[in-house]
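Asker: What follows is work08.cif, made up of mmCIF, N, CA, C and O atoms:
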data_my_file
loop_
_atom_site.label_atom_id
_atom_site.label_comp_id
_atom_site.auth_asym_id
_atom_site.auth_seq_id
_atom_site.Cartn_x
_atom_site.Cartn_y
_atom_site.Cartn_z
N MET A 1 -11.59 26.56 -3.60
CA MET A 1 -10.96 26.08 -4.81
C MET A 1 -9.71 25.26 -4.50
O MET A 1 -9.50 24.21 -5.07
N ALA A 2 -8.89 25.77 -3.59
CA ALA A 2 -7.66 25.07 -3.21
C ALA A 2 -7.98 23.74 -2.54
O ALA A 2 -7.28 22.75 -2.75
N PHE A 3 -9.05 23.73 -1.73
CA PHE A 3 -9.45 22.49 -1.06
C PHE A 3 -9.88 21.44 -2.08
O PHE A 3 -9.55 20.26 -1.93
N ALA A 4 -10.57 21.85 -3.12
CA ALA A 4 -11.00 20.92 -4.17
C ALA A 4 -9.79 20.34 -4.90
O ALA A 4 -9.77 19.14 -5.21
N ILE A 5 -8.81 21.15 -5.16
CA ILE A 5 -7.61 20.67 -5.84
C ILE A 5 -6.87 19.67 -4.96
O ILE A 5 -6.40 18.63 -5.43
N LEU A 6 -6.79 19.97 -3.67
CA LEU A 6 -6.13 19.04 -2.75
C LEU A 6 -6.91 17.73 -2.64
O LEU A 6 -6.31 16.65 -2.53
N GLN A 7 -8.23 17.79 -2.68
CA GLN A 7 -9.04 16.56 -2.65
C GLN A 7 -8.81 15.74 -3.91
O GLN A 7 -8.71 14.51 -3.85
N ILE A 8 -8.71 16.38 -5.06
CA ILE A 8 -8.44 15.67 -6.31
C ILE A 8 -7.06 15.03 -6.26
O ILE A 8 -6.89 13.87 -6.68
N ILE A 9 -6.08 15.72 -5.73
CA ILE A 9 -4.74 15.16 -5.58
C ILE A 9 -4.77 13.94 -4.67
O ILE A 9 -4.15 12.91 -4.97
N ALA A 10 -5.50 14.03 -3.57
CA ALA A 10 -5.60 12.89 -2.64
C ALA A 10 -6.26 11.69 -3.31
O ALA A 10 -5.80 10.55 -3.14
N ILE A 11 -7.29 11.92 -4.08
CA ILE A 11 -7.96 10.82 -4.79
C ILE A 11 -7.01 10.20 -5.81
O ILE A 11 -6.92 8.97 -5.93
N LEU A 12 -6.29 11.03 -6.56
CA LEU A 12 -5.35 10.51 -7.56
C LEU A 12 -4.23 9.70 -6.91
O LEU A 12 -3.78 8.69 -7.47
N LEU A 13 -3.78 10.12 -5.74
CA LEU A 13 -2.74 9.36 -5.04
C LEU A 13 -3.28 8.01 -4.58
O LEU A 13 -2.57 7.00 -4.65
N ASN A 14 -4.53 7.97 -4.12
CA ASN A 14 -5.14 6.69 -3.75
C ASN A 14 -5.30 5.78 -4.95
O ASN A 14 -5.07 4.57 -4.86
N VAL A 15 -5.68 6.33 -6.08
CA VAL A 15 -5.80 5.54 -7.31
C VAL A 15 -4.42 5.01 -7.71
O VAL A 15 -4.30 3.86 -8.14
N ALA A 16 -3.39 5.83 -7.58
CA ALA A 16 -2.04 5.40 -7.94
C ALA A 16 -1.60 4.22 -7.07
O ALA A 16 -1.01 3.25 -7.58
N ILE A 17 -1.88 4.28 -5.78
CA ILE A 17 -1.54 3.16 -4.89
C ILE A 17 -2.28 1.90 -5.32
O ILE A 17 -1.70 0.81 -5.38
N THR A 18 -3.55 2.03 -5.66
CA THR A 18 -4.33 0.87 -6.10
C THR A 18 -3.76 0.28 -7.38
O THR A 18 -3.63 -0.94 -7.50
N VAL A 19 -3.42 1.11 -8.34
CA VAL A 19 -2.84 0.63 -9.60
C VAL A 19 -1.52 -0.09 -9.34
O VAL A 19 -1.26 -1.15 -9.93
N ILE A 20 -0.69 0.44 -8.48
CA ILE A 20 0.60 -0.18 -8.17
C ILE A 20 0.40 -1.54 -7.51
O ILE A 20 1.08 -2.51 -7.85
N ILE A 21 -0.54 -1.64 -6.59
CA ILE A 21 -0.80 -2.91 -5.92
C ILE A 21 -1.35 -3.93 -6.91
O ILE A 21 -0.94 -5.10 -6.91
N VAL A 22 -2.27 -3.52 -7.78
CA VAL A 22 -2.83 -4.43 -8.78
C VAL A 22 -1.72 -4.92 -9.71
O VAL A 22 -1.65 -6.11 -10.04
N GLN A 23 -0.84 -4.02 -10.12
CA GLN A 23 0.25 -4.44 -11.01
C GLN A 23 1.20 -5.40 -10.29
O GLN A 23 1.67 -6.36 -10.90
N ALA A 24 1.49 -5.16 -9.03
CA ALA A 24 2.37 -6.06 -8.29
C ALA A 24 1.75 -7.46 -8.17
O ALA A 24 2.44 -8.47 -8.40
N ILE A 25 0.47 -7.52 -7.85
CA ILE A 25 -0.20 -8.82 -7.75
C ILE A 25 -0.22 -9.51 -9.10
O ILE A 25 0.04 -10.71 -9.21
N MET A 26 -0.48 -8.75 -10.14
CA MET A 26 -0.51 -9.33 -11.48
C MET A 26 0.88 -9.83 -11.89
O MET A 26 1.01 -10.87 -12.54
N SER A 27 1.93 -9.13 -11.50
CA SER A 27 3.28 -9.59 -11.83
C SER A 27 3.60 -10.90 -11.12
O SER A 27 4.28 -11.76 -11.68
N TRP A 28 3.10 -11.06 -9.89
CA TRP A 28 3.29 -12.33 -9.19
C TRP A 28 2.55 -13.45 -9.89
O TRP A 28 3.07 -14.55 -10.04
N LEU A 29 1.33 -13.16 -10.32
CA LEU A 29 0.55 -14.18 -11.04
C LEU A 29 1.22 -14.56 -12.35
O LEU A 29 1.20 -15.73 -12.75
N LEU A 30 1.81 -13.59 -13.02
CA LEU A 30 2.55 -13.89 -14.25
C LEU A 30 3.81 -14.70 -13.95
O LEU A 30 4.15 -15.64 -14.67
N ALA A 31 4.52 -14.35 -12.88
CA ALA A 31 5.76 -15.04 -12.53
C ALA A 31 5.51 -16.50 -12.17
O ALA A 31 6.32 -17.37 -12.50
N PHE A 32 4.40 -16.78 -11.50
CA PHE A 32 4.08 -18.15 -11.11
C PHE A 32 3.22 -18.86 -12.14
O PHE A 32 2.70 -19.94 -11.88
N ASN A 33 3.07 -18.24 -13.31
CA ASN A 33 2.35 -18.81 -14.45
C ASN A 33 0.90 -19.16 -14.13
O ASN A 33 0.36 -20.14 -14.66
N VAL A 34 0.29 -18.40 -13.27
CA VAL A 34 -1.14 -18.55 -13.01
C VAL A 34 -1.92 -17.95 -14.17
O VAL A 34 -2.93 -18.49 -14.60
N ILE A 35 -1.44 -16.82 -14.65
CA ILE A 35 -1.98 -16.20 -15.85
C ILE A 35 -0.81 -16.00 -16.81
O ILE A 35 0.35 -16.02 -16.40
N ASN A 36 -1.10 -15.83 -18.10
CA ASN A 36 -0.03 -15.56 -19.05
C ASN A 36 -0.45 -14.48 -20.02
O ASN A 36 -1.63 -14.18 -20.17
N LEU A 37 0.53 -13.93 -20.67
CA LEU A 37 0.29 -12.81 -21.57
C LEU A 37 -0.24 -13.23 -22.93
O LEU A 37 -0.48 -12.39 -23.79
N GLN A 38 -0.45 -14.53 -23.13
CA GLN A 38 -1.04 -15.00 -24.38
C GLN A 38 -2.53 -14.65 -24.45
O GLN A 38 -3.09 -14.52 -25.53
N ASN A 39 -3.15 -14.51 -23.29
CA ASN A 39 -4.55 -14.10 -23.22
C ASN A 39 -4.64 -12.61 -23.57
O ASN A 39 -3.93 -11.79 -23.00
N ASP A 40 -5.52 -12.28 -24.50
CA ASP A 40 -5.61 -10.89 -24.96
C ASP A 40 -6.02 -9.92 -23.86
O ASP A 40 -5.50 -8.81 -23.79
N ILE A 41 -6.95 -10.33 -23.01
CA ILE A 41 -7.40 -9.45 -21.92
C ILE A 41 -6.28 -9.21 -20.92
O ILE A 41 -6.03 -8.08 -20.49
N VAL A 42 -5.59 -10.28 -20.54
CA VAL A 42 -4.47 -10.16 -19.61
C VAL A 42 -3.39 -9.26 -20.21
O VAL A 42 -2.84 -8.39 -19.53
N ASN A 43 -3.10 -9.46 -21.47
CA ASN A 43 -2.08 -8.65 -22.14
C ASN A 43 -2.50 -7.18 -22.18
O ASN A 43 -1.68 -6.28 -21.95
N ALA A 44 -3.76 -6.90 -22.46
CA ALA A 44 -4.24 -5.52 -22.50
C ALA A 44 -4.16 -4.86 -21.13
O ALA A 44 -3.73 -3.70 -21.01
N ILE A 45 -4.56 -5.59 -20.10
CA ILE A 45 -4.49 -5.04 -18.73
C ILE A 45 -3.04 -4.79 -18.34
O ILE A 45 -2.70 -3.74 -17.79
N TRP A 46 -2.16 -5.75 -18.63
CA TRP A 46 -0.75 -5.61 -18.28
C TRP A 46 -0.12 -4.42 -19.00
O TRP A 46 0.63 -3.65 -18.41
N THR A 47 -0.44 -4.27 -20.29
CA THR A 47 0.10 -3.15 -21.06
C THR A 47 -0.38 -1.82 -20.50
O THR A 47 0.41 -0.86 -20.38
N ALA A 48 -1.66 -1.74 -20.13
CA ALA A 48 -2.20 -0.50 -19.56
C ALA A 48 -1.55 -0.19 -18.22
O ALA A 48 -1.14 0.96 -17.96
N LEU A 49 -1.43 -1.19 -17.35
CA LEU A 49 -0.81 -0.97 -16.04
C LEU A 49 0.66 -0.58 -16.18
O LEU A 49 1.15 0.31 -15.48
N ASP A 50 1.35 -1.24 -17.10
CA ASP A 50 2.76 -0.91 -17.32
C ASP A 50 2.90 0.51 -17.87
O ASP A 50 3.82 1.23 -17.49
N GLY A 51 2.00 0.89 -18.75
CA GLY A 51 2.04 2.24 -19.29
C GLY A 51 1.79 3.31 -18.23
O GLY A 51 2.34 4.40 -18.29
N LEU A 52 0.95 2.98 -17.25
CA LEU A 52 0.66 3.93 -16.17
C LEU A 52 1.81 4.03 -15.16
O LEU A 52 2.09 5.11 -14.63
N THR A 53 2.46 2.90 -14.88
CA THR A 53 3.46 2.91 -13.81
C THR A 53 4.89 3.11 -14.28
O THR A 53 5.73 3.55 -13.49
N ALA A 54 5.17 2.83 -15.53
CA ALA A 54 6.56 2.94 -16.03
C ALA A 54 7.14 4.34 -15.84
O ALA A 54 8.29 4.47 -15.39
N PRO A 55 6.40 5.43 -16.13
CA PRO A 55 6.99 6.76 -15.91
C PRO A 55 7.28 7.06 -14.44
O PRO A 55 8.18 7.84 -14.12
N ILE A 56 6.53 6.44 -13.55
CA ILE A 56 6.77 6.64 -12.11
C ILE A 56 7.98 5.82 -11.66
O ILE A 56 8.79 6.27 -10.87
N TYR A 57 8.08 4.59 -12.17
CA TYR A 57 9.15 3.68 -11.75
C TYR A 57 10.52 4.05 -12.33
O TYR A 57 11.54 3.82 -11.69
N ARG A 58 10.55 4.59 -13.54
CA ARG A 58 11.81 4.80 -14.26
C ARG A 58 12.84 5.60 -13.45
O ARG A 58 13.99 5.14 -13.30
N PRO A 59 12.50 6.77 -12.89
CA PRO A 59 13.53 7.51 -12.14
C PRO A 59 13.96 6.80 -10.86
O PRO A 59 15.11 6.88 -10.45
N ILE A 60 13.03 6.07 -10.24
CA ILE A 60 13.37 5.35 -9.00
C ILE A 60 14.30 4.18 -9.31
O ILE A 60 15.22 3.91 -8.55
N ARG A 61 14.06 3.48 -10.42
CA ARG A 61 14.90 2.34 -10.79
C ARG A 61 16.32 2.77 -11.11
O ARG A 61 17.26 1.98 -10.94
N LYS A 62 16.50 4.01 -11.56
CA LYS A 62 17.86 4.51 -11.82
C LYS A 62 18.64 4.68 -10.52
O LYS A 62 19.86 4.53 -10.51
N ILE A 63 17.93 5.00 -9.45
CA ILE A 63 18.57 5.24 -8.16
C ILE A 63 18.75 3.96 -7.36
O ILE A 63 19.77 3.77 -6.69
N MET A 64 17.77 3.06 -7.44
CA MET A 64 17.76 1.83 -6.62
C MET A 64 18.89 0.89 -7.03
O MET A 64 19.17 0.73 -8.21
N PRO A 65 19.50 0.22 -6.05
CA PRO A 65 20.49 -0.81 -6.40
C PRO A 65 19.79 -2.03 -7.00
O PRO A 65 18.59 -2.23 -6.81
N ASP A 66 20.54 -2.84 -7.73
CA ASP A 66 19.99 -4.03 -8.37
C ASP A 66 19.91 -5.17 -7.35
O ASP A 66 20.91 -5.56 -6.77
N PHE A 67 18.70 -5.68 -7.14
CA PHE A 67 18.50 -6.79 -6.22
C PHE A 67 18.21 -8.09 -6.97
O PHE A 67 17.63 -9.01 -6.42
N GLY A 68 18.57 -8.15 -8.23
CA GLY A 68 18.31 -9.35 -9.03
C GLY A 68 16.85 -9.40 -9.44
O GLY A 68 16.33 -8.48 -10.04
N GLN A 69 16.20 -10.50 -9.13
CA GLN A 69 14.81 -10.71 -9.53
C GLN A 69 13.82 -9.94 -8.66
O GLN A 69 12.65 -9.83 -9.01
N ILE A 70 14.26 -9.43 -7.53
CA ILE A 70 13.36 -8.73 -6.61
C ILE A 70 13.30 -7.26 -7.01
O ILE A 70 14.32 -6.57 -7.06
N ASP A 71 12.10 -6.77 -7.27
CA ASP A 71 11.90 -5.37 -7.64
C ASP A 71 11.20 -4.66 -6.48
O ASP A 71 10.03 -4.91 -6.20
N LEU A 72 11.93 -3.81 -5.81
CA LEU A 72 11.38 -3.09 -4.66
C LEU A 72 10.84 -1.71 -5.04
O LEU A 72 10.37 -0.97 -4.18
N THR A 73 10.88 -1.39 -6.32
CA THR A 73 10.43 -0.09 -6.78
C THR A 73 8.98 0.20 -6.41
O THR A 73 8.69 1.30 -5.93
N PRO A 74 8.03 -0.74 -6.60
CA PRO A 74 6.64 -0.43 -6.20
C PRO A 74 6.51 -0.09 -4.72
O PRO A 74 5.77 0.83 -4.36
N MET A 75 7.25 -0.79 -3.88
CA MET A 75 7.18 -0.51 -2.45
C MET A 75 7.73 0.88 -2.14
O MET A 75 7.15 1.62 -1.34
N VAL A 76 8.82 1.27 -2.80
CA VAL A 76 9.40 2.60 -2.60
C VAL A 76 8.42 3.68 -3.04
O VAL A 76 8.24 4.69 -2.35
N VAL A 77 7.76 3.46 -4.17
CA VAL A 77 6.79 4.44 -4.67
C VAL A 77 5.60 4.55 -3.72
O VAL A 77 5.14 5.66 -3.42
N ILE A 78 5.10 3.42 -3.23
CA ILE A 78 3.96 3.46 -2.30
C ILE A 78 4.36 4.18 -1.01
O ILE A 78 3.59 5.00 -0.50
N ILE A 79 5.54 3.91 -0.50
CA ILE A 79 6.00 4.61 0.70
C ILE A 79 6.11 6.12 0.44
O ILE A 79 5.71 6.94 1.27
N GLY A 80 6.61 6.47 -0.74
CA GLY A 80 6.69 7.90 -1.09
C GLY A 80 5.32 8.55 -1.18
O GLY A 80 5.13 9.69 -0.72
N ILE A 81 4.35 7.84 -1.74
CA ILE A 81 2.99 8.38 -1.83
C ILE A 81 2.38 8.53 -0.44
O ILE A 81 1.72 9.55 -0.15
N ILE A 82 2.60 7.56 0.42
CA ILE A 82 2.06 7.65 1.78
C ILE A 82 2.70 8.82 2.53
O ILE A 82 2.01 9.56 3.24
N ILE A 83 3.99 9.03 2.36
CA ILE A 83 4.65 10.19 2.98
C ILE A 83 4.05 11.48 2.44
O ILE A 83 3.79 12.42 3.20
N LEU A 84 3.83 11.52 1.13
CA LEU A 84 3.22 12.70 0.52
C LEU A 84 1.83 12.95 1.09
O LEU A 84 1.47 14.09 1.41
N GLN A 85 1.04 11.88 1.24
CA GLN A 85 -0.33 12.02 1.75
C GLN A 85 -0.36 12.44 3.22
O GLN A 85 -1.20 13.24 3.62
N ASP A 86 0.54 11.88 4.02
CA ASP A 86 0.46 12.09 5.46
C ASP A 86 1.31 13.24 5.99
O ASP A 86 0.97 13.85 7.00
N ALA A 87 2.41 13.54 5.32
CA ALA A 87 3.32 14.55 5.87
C ALA A 87 3.32 15.86 5.09
O ALA A 87 3.64 16.90 5.65
N ILE A 88 2.96 15.82 3.82
CA ILE A 88 3.08 17.03 3.01
C ILE A 88 1.71 17.66 2.72
O ILE A 88 1.54 18.87 2.85
N LEU A 89 0.74 16.84 2.32
CA LEU A 89 -0.56 17.40 1.96
C LEU A 89 -1.33 18.06 3.12
O LEU A 89 -1.89 19.14 2.94
N PRO A 90 -1.36 17.46 4.32
CA PRO A 90 -2.09 18.13 5.42
C PRO A 90 -1.55 19.52 5.78
O PRO A 90 -2.34 20.47 5.89
N PRO A 91 -0.23 19.70 5.95
CA PRO A 91 0.24 21.07 6.22
C PRO A 91 -0.01 22.02 5.06
O PRO A 91 -0.30 23.19 5.28
N LEU A 92 0.09 21.50 3.84
CA LEU A 92 -0.19 22.34 2.67
C LEU A 92 -1.67 22.76 2.65
O LEU A 92 -1.98 23.92 2.39
N ALA A 93 -2.55 21.83 2.97
CA ALA A 93 -3.97 22.15 3.03
C ALA A 93 -4.24 23.17 4.14
O ALA A 93 -5.03 24.10 3.95
N GLN A 94 -3.59 22.98 5.27
CA GLN A 94 -3.78 23.92 6.39
C GLN A 94 -3.30 25.31 6.02
O GLN A 94 -3.95 26.31 6.35
N ALA A 95 -2.19 25.38 5.30
CA ALA A 95 -1.66 26.69 4.91
C ALA A 95 -2.55 27.36 3.86
O ALA A 95 -2.75 28.57 3.89
N LEU A 96 -3.11 26.58 2.95
CA LEU A 96 -3.95 27.16 1.90
C LEU A 96 -5.33 27.54 2.41
O LEU A 96 -5.89 28.56 1.99
N ILE A 97 -5.88 26.72 3.30
CA ILE A 97 -7.24 26.94 3.75
C ILE A 97 -7.28 27.86 4.97
O ILE A 97 -8.10 28.77 5.05
N GLY A 98 -6.40 27.59 5.91
CA GLY A 98 -6.50 28.28 7.18
C GLY A 98 -5.76 29.54 7.24
O GLY A 98 -5.93 30.48 7.90
#
Re-express the file's structure as structure tokens.

Answerer:
Amino acid sequence: MAFAILQIIAILLNVAITVIIVQAIMSWLLAFNVINLQNDIVNAIWTALDGLTAPIYRPIRKIMPDFGQIDLTPMVVIIGIIILQDAILPPLAQALIG
């Protein structure tokens, strides 16, 4: 049972990384006016991605210094997820299973 929960957590963390990367790429496309929010599909996707990532970004943005137009919050979150996946979950799995 514990192994299944850890597998679900690992999958959710991978999905979170994918969502963050997609949102970052989409923000670049919006910034360079390749796509715009006037398109209903683009607006719906952007709203959904923003709704998923805003609760994760909000506490990190309070801590991060202001770099002007550069937002390093997605990179900080991805690094945190990778640390969680590689340094915390394996020992936790070993302790629960073994």

Asker: Quick check, in Å to one decimal: how far apart do atom O of Ile5 (chain A) and atom N of Thr47 (chain A) lie?

Answerer: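 Answer for the atom O of Ile5 (chain A) to atom N of Thr47 (chain A) separation: 27.9 Å.
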
Asker: Output as an MDAnalysis selection string all residues of chain A that backbone DSSP marks as helix (DSSP H, G or I).

Answerer: chainID A and resid 2:31 40:63 73:97

Asker: One number please: atom C of Leu89 (chain A) to atom C of Val19 (chain A), in Å, one decimal.

Answerer: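 Pair atom C of Leu89 (chain A) / atom C of Val19 (chain A) returns 22.0 Å.
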
Asker: Calculate how many Å separate atom N of Ser27 (chain A) from CA of Val15 (chain A), rounding to one decimal.

Answerer: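 These two atoms are separated by 17.1 Å.
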
Asker: Which of these, A:Trp46, A:Val22, A:Leu13, A:Thr73, has the shortest distance to Arg61 (chain A) once you count all atoms listed in the file?

Answerer: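 That would be A:Thr73, the residue with the smallest distance to Arg61 (chain A).
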
Asker: Do you know which residues are at most 7 Å from region 93-96 of chain A counting all atoms listed in the file, after dropping those on the same chain fewer than 5 positions away, and could you put them as number ranges by chain?

Answerer: A: 2-3, 6, 88

Asker: Determine, counting only C-alpha atoms, which protein, DNA and RNA residues have an atom within 10 Å of an atom of region 74-83 of chain A; residues of the same chain fewer than 2 positions away are not included. Present the result as an NGL selection string.

Answerer: :A and (10 or 13-14 or 16-18 or 20-21 or 23-24 or 53 or 56-57 or 60-61 or 64 or 71-72 or 85-89)

Asker: Which residues come within 12 Å of Leu30 (chain A), counting only C-alpha atoms, excluding same-chain residues fewer than 5 positions away, as a ChimeraX atom specification?

Answerer: /A:23-25,35-39,42-43,46
